[in-house]
file protein_22.cif (mmCIF, C-alpha atoms)
data_data
#
loop_
_atom_site.label_atom_id
_atom_site.label_comp_id
_atom_site.auth_asym_id
_atom_site.auth_seq_id
_atom_site.Cartn_x
_atom_site.Cartn_y
_atom_site.Cartn_z
CA MET A 13 89.74 98.86 142.10
CA LYS A 14 89.83 96.35 139.26
CA VAL A 15 87.63 98.61 137.16
CA LEU A 16 90.03 101.52 137.68
CA LEU A 17 93.00 99.36 136.71
CA ARG A 18 91.22 98.20 133.57
CA LYS A 19 90.38 101.79 132.64
CA LYS A 20 93.99 102.84 133.15
CA THR A 21 95.23 99.91 131.07
CA LEU A 22 92.72 100.73 128.34
CA LEU A 23 93.73 104.39 128.30
CA ARG A 24 97.41 103.46 128.11
CA SER A 25 96.72 101.01 125.29
CA LEU A 26 94.71 103.59 123.36
CA SER A 27 97.45 106.20 123.77
CA VAL A 28 100.09 103.74 122.55
CA ILE A 29 97.93 102.72 119.58
CA ALA A 30 97.33 106.37 118.70
CA TYR A 31 101.05 107.10 118.98
CA LEU A 32 101.97 104.18 116.71
CA ALA A 33 99.25 105.14 114.22
CA ILE A 34 100.66 108.68 114.00
CA ILE A 35 104.19 107.35 113.42
CA SER A 36 102.94 104.92 110.76
CA PHE A 37 100.96 107.66 109.01
CA PHE A 38 104.00 109.94 109.03
CA LEU A 39 106.27 107.23 107.62
CA VAL A 40 103.77 106.29 104.91
CA ARG A 41 103.48 109.93 103.82
CA ASN A 42 107.08 111.04 104.35
CA GLY A 43 109.23 107.93 104.69
CA SER A 44 110.86 108.13 101.25
CA SER A 45 111.62 111.85 101.45
CA LEU A 46 112.93 111.41 105.00
CA VAL A 47 115.40 108.74 103.89
CA GLU A 48 116.45 110.89 100.90
CA GLY A 49 117.12 113.79 103.26
CA ILE A 50 119.19 111.60 105.57
CA THR A 51 121.11 110.27 102.56
CA SER A 52 122.06 113.80 101.53
CA PHE A 53 123.00 114.67 105.10
CA ALA A 54 125.01 111.45 105.53
CA HIS A 55 127.69 112.31 102.97
CA GLU A 56 128.98 114.98 105.37
CA HIS A 57 128.06 113.32 108.67
CA LYS A 58 128.63 109.60 108.15
CA VAL A 59 129.08 108.57 111.78
CA LEU A 60 126.01 110.44 113.02
CA SER A 61 124.00 109.05 110.10
CA ILE A 62 124.69 105.48 111.22
CA TRP A 63 122.83 106.20 114.46
CA ILE A 64 120.01 107.85 112.54
CA PHE A 65 119.59 104.82 110.28
CA LEU A 66 119.66 102.46 113.26
CA PHE A 67 117.00 104.62 114.91
CA LEU A 68 114.86 104.31 111.75
CA TYR A 69 115.18 100.52 111.98
CA LEU A 70 114.02 100.76 115.60
CA LEU A 71 111.17 103.08 114.63
CA LYS A 72 110.11 100.67 111.91
CA SER A 73 109.78 97.89 114.50
CA VAL A 74 106.78 99.65 116.06
CA SER A 75 105.20 101.14 112.94
CA PHE A 76 104.53 100.56 109.25
CA GLY A 77 105.27 102.49 106.09
CA LEU A 78 109.06 102.27 105.74
CA PRO A 79 110.18 99.28 103.65
CA PHE A 80 113.40 97.47 104.46
CA ALA A 81 114.50 97.76 100.82
CA LEU A 82 114.58 101.55 101.08
CA LEU A 83 116.81 101.41 104.15
CA TYR A 84 119.06 98.74 102.62
CA ALA A 85 119.54 100.84 99.49
CA ALA A 86 120.10 104.15 101.29
CA VAL A 87 122.78 102.67 103.54
CA ALA A 88 124.42 100.93 100.57
CA VAL A 89 124.94 104.09 98.52
CA ILE A 90 126.55 105.98 101.42
CA TYR A 91 128.98 103.53 102.99
CA PRO A 92 131.50 101.00 101.64
CA PHE A 93 129.84 97.65 100.94
CA TRP A 94 131.04 95.71 103.98
CA SER A 95 130.34 98.60 106.35
CA ALA A 96 126.87 99.01 104.83
CA LEU A 97 126.24 95.28 105.21
CA ALA A 98 127.20 95.42 108.90
CA ILE A 99 124.94 98.44 109.48
CA ASN A 100 121.97 96.77 107.79
CA ILE A 101 122.44 93.52 109.72
CA ALA A 102 122.63 95.53 112.95
CA GLY A 103 119.45 97.32 111.86
CA ILE A 104 117.60 94.04 111.32
CA TYR A 105 118.73 92.89 114.76
CA ILE A 106 117.52 96.11 116.40
CA ASN A 107 114.25 95.90 114.47
CA GLN A 108 113.45 92.54 116.09
CA GLN A 109 113.89 93.48 119.72
CA ILE A 110 110.76 95.39 120.76
CA PRO A 111 108.16 93.24 118.93
CA TYR A 112 109.87 89.97 119.89
CA PHE A 113 109.92 90.71 123.62
CA LEU A 114 106.48 92.30 123.49
CA GLY A 115 105.21 89.06 121.99
CA ARG A 116 106.97 87.02 124.68
CA SER A 117 105.30 89.08 127.41
CA ARG A 118 101.80 88.93 125.95
CA GLY A 119 101.61 85.22 125.12
CA VAL A 120 99.76 83.70 122.16
CA MET A 121 97.33 86.59 121.58
CA TYR A 122 99.40 87.86 118.64
CA VAL A 123 99.50 84.40 117.08
CA THR A 124 95.69 84.26 117.15
CA GLN A 125 95.47 87.69 115.56
CA LEU A 126 97.99 86.68 112.90
CA GLN A 127 95.99 83.54 112.05
CA GLU A 128 92.79 85.57 111.75
CA ARG A 129 94.41 88.12 109.45
CA PHE A 130 96.54 85.64 107.47
CA PRO A 131 94.77 82.24 107.56
CA PHE A 132 97.53 80.49 105.61
CA THR A 133 99.82 80.77 108.68
CA SER A 134 97.81 78.04 110.42
CA SER A 135 99.45 75.40 108.24
CA LEU A 136 102.89 76.83 108.97
CA LEU A 137 102.43 76.42 112.73
CA ARG A 138 102.84 72.65 112.30
CA LEU A 139 106.38 73.32 111.12
CA LYS A 140 107.25 74.89 114.49
CA ASP A 141 107.02 71.50 116.21
CA THR A 142 109.51 70.09 113.71
CA SER A 143 112.04 72.92 113.71
CA GLU A 144 111.80 76.37 115.27
CA PHE A 145 114.60 77.58 113.01
CA LEU A 146 112.94 76.33 109.81
CA PHE A 147 109.57 77.71 110.93
CA THR A 148 111.02 81.19 111.55
CA PHE A 149 113.06 81.09 108.34
CA THR A 150 110.01 80.10 106.27
CA LEU A 151 107.74 82.67 107.89
CA LYS A 152 110.28 85.40 107.13
CA ILE A 153 111.34 84.42 103.64
CA ILE A 154 107.76 84.13 102.34
CA GLY A 155 107.52 87.89 102.77
CA LYS A 156 103.72 88.09 102.63
CA ILE A 157 103.38 89.36 106.20
CA PRO A 158 104.90 92.60 107.57
CA HIS A 159 108.00 91.78 109.57
CA GLU A 160 106.70 93.73 112.54
CA LEU A 161 103.81 91.26 112.83
CA THR A 162 105.95 88.17 112.32
CA ASN A 163 108.35 89.37 115.05
CA LEU A 164 105.40 89.67 117.43
CA ALA A 165 104.17 86.19 116.52
CA ILE A 166 107.62 84.63 116.86
CA GLY A 167 107.93 86.09 120.34
CA SER A 168 104.41 84.98 121.25
CA LEU A 169 105.20 81.41 120.22
CA GLY A 170 108.18 81.33 122.54
CA ILE A 171 110.72 80.73 119.77
CA ARG A 172 114.16 80.75 121.34
CA TYR A 173 115.79 84.18 121.06
CA HIS A 174 119.01 83.16 119.30
CA THR A 175 117.08 80.91 116.93
CA ALA A 176 114.72 83.76 116.03
CA VAL A 177 117.59 86.18 115.43
CA ALA A 178 119.69 83.78 113.34
CA ALA A 179 116.79 82.52 111.21
CA THR A 180 115.51 86.05 110.57
CA ILE A 181 118.88 87.43 109.48
CA LEU A 182 119.55 84.40 107.28
CA ALA A 183 116.12 84.65 105.62
CA LEU A 184 116.50 88.38 104.90
CA PHE A 185 120.18 88.23 103.96
CA PRO A 186 119.89 87.35 100.21
CA GLY A 187 117.29 90.05 99.59
CA MET A 188 119.33 92.54 101.60
CA VAL A 189 122.54 91.89 99.66
CA SER A 190 120.85 91.93 96.25
CA THR A 191 119.09 95.22 97.07
CA MET A 192 122.36 96.76 98.21
CA ILE A 193 124.16 95.72 95.02
CA ILE A 194 121.33 97.02 92.82
CA ALA A 195 121.46 100.36 94.65
CA ARG A 196 125.23 100.61 94.21
CA GLU A 197 125.32 99.46 90.58
CA TYR A 198 122.15 101.07 89.18
CA THR A 199 124.21 103.47 87.04
CA ASP A 200 125.72 100.45 85.24
CA PRO A 201 122.78 98.08 84.56
CA ASP A 202 124.88 96.01 82.15
CA SER A 203 127.38 95.02 84.83
CA PRO A 204 127.42 91.35 85.92
CA ALA A 205 126.91 92.40 89.55
CA PHE A 206 123.74 94.33 88.73
CA ILE A 207 122.32 91.57 86.53
CA ILE A 208 123.01 88.79 89.07
CA ALA A 209 121.63 90.87 91.95
CA SER A 210 118.49 91.66 89.95
CA LEU A 211 117.96 87.97 89.19
CA VAL A 212 118.40 87.05 92.86
CA PHE A 213 116.00 89.84 93.85
CA ILE A 214 113.34 88.38 91.52
CA ILE A 215 114.03 84.67 92.09
CA ILE A 216 114.03 84.63 95.91
CA PRO A 217 110.38 85.69 96.39
CA SER A 218 109.29 83.38 93.55
CA VAL A 219 111.07 80.34 94.98
CA SER A 220 109.87 81.08 98.52
CA PHE A 221 106.26 81.43 97.32
CA ILE A 222 106.45 78.15 95.38
CA TYR A 223 107.92 76.45 98.47
CA PHE A 224 105.08 77.81 100.56
CA LEU A 225 102.44 76.54 98.10
CA MET A 226 104.05 73.09 98.10
CA TYR A 227 104.23 73.06 101.90
CA ARG A 228 100.60 74.13 102.25
CA ARG A 229 99.48 71.44 99.80
CA HIS A 230 101.50 68.85 101.72
CA SER A 231 99.98 70.04 105.02
CA LYS A 232 96.48 69.78 103.62
CA SER A 233 97.18 66.26 102.38
CA ASP A 234 98.41 65.23 105.82
CA GLY A 235 95.36 66.83 107.42
CA ASP A 236 92.99 64.96 105.09
CA THR A 237 94.81 61.71 105.84
CA ASP A 238 94.51 62.26 109.60
CA ARG A 239 90.79 62.96 109.31
CA GLY A 240 90.33 59.88 107.13
CA GLU A 241 91.91 57.74 109.79
#

call {"tool": "encode", "arguments": {"input": "protein_22.cif", "output": "structure tokens"}}
result
Amino acid sequence: MKVLLRKKTLLRSLSVIAYLAIISFFLVRNGSSLVEGITSFAHEHKVLSIWIFLFLYLLKSVSFGLPFALLYAAVAVIYPFWSALAINIAGIYINQQIPYFLGRSRGVMYVTQLQERFPFTSSLLRLKDTSEFLFTFTLKIIGKIPHELTNLAIGSLGIRYHTAVAATILALFPGMVSTMIIAREYTDPDSPAFIIASLVFIIIPSVSFIYFLMYRRHSKSDGDTDRGE
């Protein structure tokens, strides 16, 4: 009986993996052209297009190949700024749901996989005991790990739901806004809005990476001190 259950579970897992691989392959090959097509369609069907974009955010949560920046920009050129901002924030929220709760249901297995694939995350895990919000914010703003994987890990670690949502949106917010402004102002690259947004777009990853290097060095120093004692 147990053998049959294991076989069924394995078959279901393989079918899900195959399904997600197909979606990811499709988005890698056709993601940009798909978004361009939706953008053209959206000028005549703006309400329907909102649901399509939100569905793409949901689809991205279980696959790879469609960058957030592309979705931010596409939404920004179609809708008024504040409406576009609300749609993109809603998209980020929707994008978190499936991987977060999948991580919660499966326990720490995704954290182990994340550490094996990205060894530098081991030093970040110490931050979780200090502040779940700061841990989630740092993990997201570094931007070196696909968000789909970090959402799984955050759920696996049992980070409180509202903390995970708030920290994720706050970490992605500056990059989201700067990308939206760049997309809206690209025809006028000399405008103050375009220049400031471009600087923010460049500075945020640089500052976050420097912060991460400093934190990792500090963590290593603390680890060496503990071993010395």

call {"tool": "residues_around", "arguments": {"input": "protein_22.cif", "residues": "A:Met188", "least_positions_apart": "5", "cutoff": "9 Å", "atoms": "all atoms listed in the file", "output": "ChimeraX atom specification"}}
result
/A:80-81,84-85,97,100-101,193,213

call {"tool": "resolve_selection", "arguments": {"input": "protein_22.cif", "expression": "the PyMOL selection byres ((chain A and resi 210) around 10)", "output": "list in words"}}
result
Gly187, Ser190, Thr191, Ile193, Ile194, Pro201, Pro204, Ala205, Phe206, Ile207, Ile208, Ala209, Leu211, Val212, Phe213, Ile214 and Ile215 of chain A

call {"tool": "resolve_selection", "arguments": {"input": "protein_22.cif", "expression": "the PyMOL selection byres ((chain A and resi 89) around 10)", "output": "list in words"}}
result
Thr51, His55, Tyr84, Ala85, Ala86, Val87, Ala88, Ile90, Tyr91, Pro92, Phe93, Ala96, Met192, Ile193, Ile194, Ala195, Arg196 and Glu197 of chain A

call {"tool": "atom_distance", "arguments": {"input": "protein_22.cif", "atom1": "atom CA of A:Ser95", "atom2": "atom CA of A:Ile157"}}
result
28.5 Å

call {"tool": "closest_residue", "arguments": {"input": "protein_22.cif", "among": "A:Leu184, A:Leu70, A:Ile62, A:Ile153", "to": "A:Gln108", "atoms": "all atoms listed in the file"}}
result
A:Leu70

call {"tool": "residues_near_point", "arguments": {"input": "protein_22.cif", "point": "(109.4, 85.8, 115.9)", "cutoff": "12 Å", "atoms": "only C-alpha atoms", "output": "ChimeraX atom specification"}}
result
/A:105,107-116,120,122-123,126,140,144-152,157-181

call {"tool": "atom_distance", "arguments": {"input": "protein_22.cif", "atom1": "atom CA of A:Phe130", "atom2": "atom CA of A:Gly155"}}
result
12.2 Å

call {"tool": "axis_aligned_box", "arguments": {"input": "protein_22.cif", "around": "stretch 165-178 of chain A", "padding_each_side": "4 Å", "output": "JSON"}}
result
{"center_x": 111.9, "center_y": 83.5, "center_z": 117.9, "size_x": 23.5, "size_y": 13.5, "size_z": 17.2}

call {"tool": "atom_distance", "arguments": {"input": "protein_22.cif", "atom1": "atom CA of A:Val74", "atom2": "atom CA of A:Ser117"}}
result
15.6 Å

call {"tool": "decode", "arguments": {"input": "protein_22.cif", "residues": "stretch 199-226 of chain A", "atoms": "N, CA, C and O atoms", "output": "PDB file, in the first residue's frame"}}
result
ATOM      1  N   THR A 199      10.941  58.170 -24.024  1.00  0.00           N
ATOM      2  CA  THR A 199      10.992  59.035 -25.210  1.00  0.00           C
ATOM      3  C   THR A 199      11.609  60.398 -24.892  1.00  0.00           C
ATOM      4  O   THR A 199      11.908  61.173 -25.803  1.00  0.00           O
ATOM      5  N   ASP A 200      11.785  60.684 -23.604  1.00  0.00           N
ATOM      6  CA  ASP A 200      12.384  61.959 -23.183  1.00  0.00           C
ATOM      7  C   ASP A 200      13.489  61.677 -22.168  1.00  0.00           C
ATOM      8  O   ASP A 200      13.338  61.953 -20.976  1.00  0.00           O
ATOM      9  N   PRO A 201      14.623  61.121 -22.641  1.00  0.00           N
ATOM     10  CA  PRO A 201      15.689  60.710 -21.706  1.00  0.00           C
ATOM     11  C   PRO A 201      16.370  61.866 -20.983  1.00  0.00           C
ATOM     12  O   PRO A 201      17.127  61.628 -20.036  1.00  0.00           O
ATOM     13  N   ASP A 202      16.112  63.091 -21.404  1.00  0.00           N
ATOM     14  CA  ASP A 202      16.710  64.250 -20.727  1.00  0.00           C
ATOM     15  C   ASP A 202      15.831  64.780 -19.595  1.00  0.00           C
ATOM     16  O   ASP A 202      16.225  65.713 -18.886  1.00  0.00           O
ATOM     17  N   SER A 203      14.659  64.206 -19.422  1.00  0.00           N
ATOM     18  CA  SER A 203      13.759  64.694 -18.380  1.00  0.00           C
ATOM     19  C   SER A 203      14.291  64.322 -16.999  1.00  0.00           C
ATOM     20  O   SER A 203      14.922  63.273 -16.819  1.00  0.00           O
ATOM     21  N   PRO A 204      14.062  65.181 -16.001  1.00  0.00           N
ATOM     22  CA  PRO A 204      14.519  64.869 -14.631  1.00  0.00           C
ATOM     23  C   PRO A 204      13.969  63.538 -14.120  1.00  0.00           C
ATOM     24  O   PRO A 204      14.676  62.791 -13.439  1.00  0.00           O
ATOM     25  N   ALA A 205      12.708  63.235 -14.451  1.00  0.00           N
ATOM     26  CA  ALA A 205      12.100  61.989 -13.976  1.00  0.00           C
ATOM     27  C   ALA A 205      12.847  60.782 -14.510  1.00  0.00           C
ATOM     28  O   ALA A 205      13.126  59.823 -13.768  1.00  0.00           O
ATOM     29  N   PHE A 206      13.197  60.808 -15.789  1.00  0.00           N
ATOM     30  CA  PHE A 206      13.908  59.685 -16.398  1.00  0.00           C
ATOM     31  C   PHE A 206      15.307  59.536 -15.797  1.00  0.00           C
ATOM     32  O   PHE A 206      15.747  58.417 -15.484  1.00  0.00           O
ATOM     33  N   ILE A 207      15.991  60.643 -15.627  1.00  0.00           N
ATOM     34  CA  ILE A 207      17.361  60.608 -15.092  1.00  0.00           C
ATOM     35  C   ILE A 207      17.374  60.084 -13.658  1.00  0.00           C
ATOM     36  O   ILE A 207      18.171  59.209 -13.297  1.00  0.00           O
ATOM     37  N   ILE A 208      16.467  60.610 -12.818  1.00  0.00           N
ATOM     38  CA  ILE A 208      16.412  60.177 -11.415  1.00  0.00           C
ATOM     39  C   ILE A 208      16.040  58.698 -11.323  1.00  0.00           C
ATOM     40  O   ILE A 208      16.642  57.934 -10.562  1.00  0.00           O
ATOM     41  N   ALA A 209      15.040  58.288 -12.120  1.00  0.00           N
ATOM     42  CA  ALA A 209      14.619  56.886 -12.109  1.00  0.00           C
ATOM     43  C   ALA A 209      15.748  55.964 -12.555  1.00  0.00           C
ATOM     44  O   ALA A 209      15.941  54.876 -11.991  1.00  0.00           O
ATOM     45  N   SER A 210      16.506  56.394 -13.557  1.00  0.00           N
ATOM     46  CA  SER A 210      17.629  55.588 -14.043  1.00  0.00           C
ATOM     47  C   SER A 210      18.704  55.448 -12.971  1.00  0.00           C
ATOM     48  O   SER A 210      19.277  54.362 -12.784  1.00  0.00           O
ATOM     49  N   LEU A 211      18.964  56.544 -12.251  1.00  0.00           N
ATOM     50  CA  LEU A 211      19.957  56.493 -11.173  1.00  0.00           C
ATOM     51  C   LEU A 211      19.505  55.550 -10.063  1.00  0.00           C
ATOM     52  O   LEU A 211      20.290  54.750  -9.546  1.00  0.00           O
ATOM     53  N   VAL A 212      18.222  55.648  -9.689  1.00  0.00           N
ATOM     54  CA  VAL A 212      17.679  54.756  -8.657  1.00  0.00           C
ATOM     55  C   VAL A 212      17.773  53.309  -9.105  1.00  0.00           C
ATOM     56  O   VAL A 212      18.145  52.413  -8.331  1.00  0.00           O
ATOM     57  N   PHE A 213      17.453  53.059 -10.375  1.00  0.00           N
ATOM     58  CA  PHE A 213      17.484  51.712 -10.937  1.00  0.00           C
ATOM     59  C   PHE A 213      18.885  51.116 -10.854  1.00  0.00           C
ATOM     60  O   PHE A 213      19.052  49.903 -10.633  1.00  0.00           O
ATOM     61  N   ILE A 214      19.915  51.956 -11.018  1.00  0.00           N
ATOM     62  CA  ILE A 214      21.303  51.488 -10.972  1.00  0.00           C
ATOM     63  C   ILE A 214      21.805  51.394  -9.533  1.00  0.00           C
ATOM     64  O   ILE A 214      22.505  50.449  -9.158  1.00  0.00           O
ATOM     65  N   ILE A 215      21.438  52.387  -8.712  1.00  0.00           N
ATOM     66  CA  ILE A 215      21.992  52.491  -7.360  1.00  0.00           C
ATOM     67  C   ILE A 215      21.457  51.397  -6.437  1.00  0.00           C
ATOM     68  O   ILE A 215      22.213  50.823  -5.638  1.00  0.00           O
ATOM     69  N   ILE A 216      20.166  51.078  -6.538  1.00  0.00           N
ATOM     70  CA  ILE A 216      19.557  50.122  -5.601  1.00  0.00           C
ATOM     71  C   ILE A 216      20.272  48.770  -5.588  1.00  0.00           C
ATOM     72  O   ILE A 216      20.652  48.277  -4.517  1.00  0.00           O
ATOM     73  N   PRO A 217      20.495  48.124  -6.752  1.00  0.00           N
ATOM     74  CA  PRO A 217      21.201  46.846  -6.714  1.00  0.00           C
ATOM     75  C   PRO A 217      22.627  46.972  -6.192  1.00  0.00           C
ATOM     76  O   PRO A 217      23.126  46.090  -5.490  1.00  0.00           O
ATOM     77  N   SER A 218      23.284  48.103  -6.521  1.00  0.00           N
ATOM     78  CA  SER A 218      24.667  48.309  -6.064  1.00  0.00           C
ATOM     79  C   SER A 218      24.729  48.424  -4.550  1.00  0.00           C
ATOM     80  O   SER A 218      25.560  47.792  -3.892  1.00  0.00           O
ATOM     81  N   VAL A 219      23.840  49.252  -3.993  1.00  0.00           N
ATOM     82  CA  VAL A 219      23.815  49.445  -2.538  1.00  0.00           C
ATOM     83  C   VAL A 219      23.441  48.149  -1.825  1.00  0.00           C
ATOM     84  O   VAL A 219      24.042  47.785  -0.804  1.00  0.00           O
ATOM     85  N   SER A 220      22.456  47.428  -2.358  1.00  0.00           N
ATOM     86  CA  SER A 220      22.028  46.177  -1.724  1.00  0.00           C
ATOM     87  C   SER A 220      23.138  45.137  -1.758  1.00  0.00           C
ATOM     88  O   SER A 220      23.334  44.382  -0.796  1.00  0.00           O
ATOM     89  N   PHE A 221      23.911  45.099  -2.862  1.00  0.00           N
ATOM     90  CA  PHE A 221      25.005  44.137  -2.959  1.00  0.00           C
ATOM     91  C   PHE A 221      26.126  44.495  -1.982  1.00  0.00           C
ATOM     92  O   PHE A 221      26.697  43.611  -1.332  1.00  0.00           O
ATOM     93  N   ILE A 222      26.427  45.781  -1.860  1.00  0.00           N
ATOM     94  CA  ILE A 222      27.458  46.225  -0.905  1.00  0.00           C
ATOM     95  C   ILE A 222      27.025  45.891   0.518  1.00  0.00           C
ATOM     96  O   ILE A 222      27.821  45.417   1.339  1.00  0.00           O
ATOM     97  N   TYR A 223      25.737  46.126   0.814  1.00  0.00           N
ATOM     98  CA  TYR A 223      25.203  45.792   2.147  1.00  0.00           C
ATOM     99  C   TYR A 223      25.350  44.306   2.418  1.00  0.00           C
ATOM    100  O   TYR A 223      25.742  43.898   3.524  1.00  0.00           O
ATOM    101  N   PHE A 224      25.054  43.492   1.407  1.00  0.00           N
ATOM    102  CA  PHE A 224      25.168  42.051   1.581  1.00  0.00           C
ATOM    103  C   PHE A 224      26.615  41.638   1.855  1.00  0.00           C
ATOM    104  O   PHE A 224      26.883  40.813   2.736  1.00  0.00           O
ATOM    105  N   LEU A 225      27.565  42.209   1.107  1.00  0.00           N
ATOM    106  CA  LEU A 225      28.978  41.883   1.321  1.00  0.00           C
ATOM    107  C   LEU A 225      29.418  42.267   2.725  1.00  0.00           C
ATOM    108  O   LEU A 225      30.145  41.509   3.389  1.00  0.00           O
ATOM    109  N   MET A 226      28.975  43.424   3.196  1.00  0.00           N
ATOM    110  CA  MET A 226      29.322  43.864   4.551  1.00  0.00           C
ATOM    111  C   MET A 226      28.705  42.942   5.594  1.00  0.00           C
ATOM    112  O   MET A 226      29.345  42.585   6.584  1.00  0.00           O
TER     113      MET A 226
END
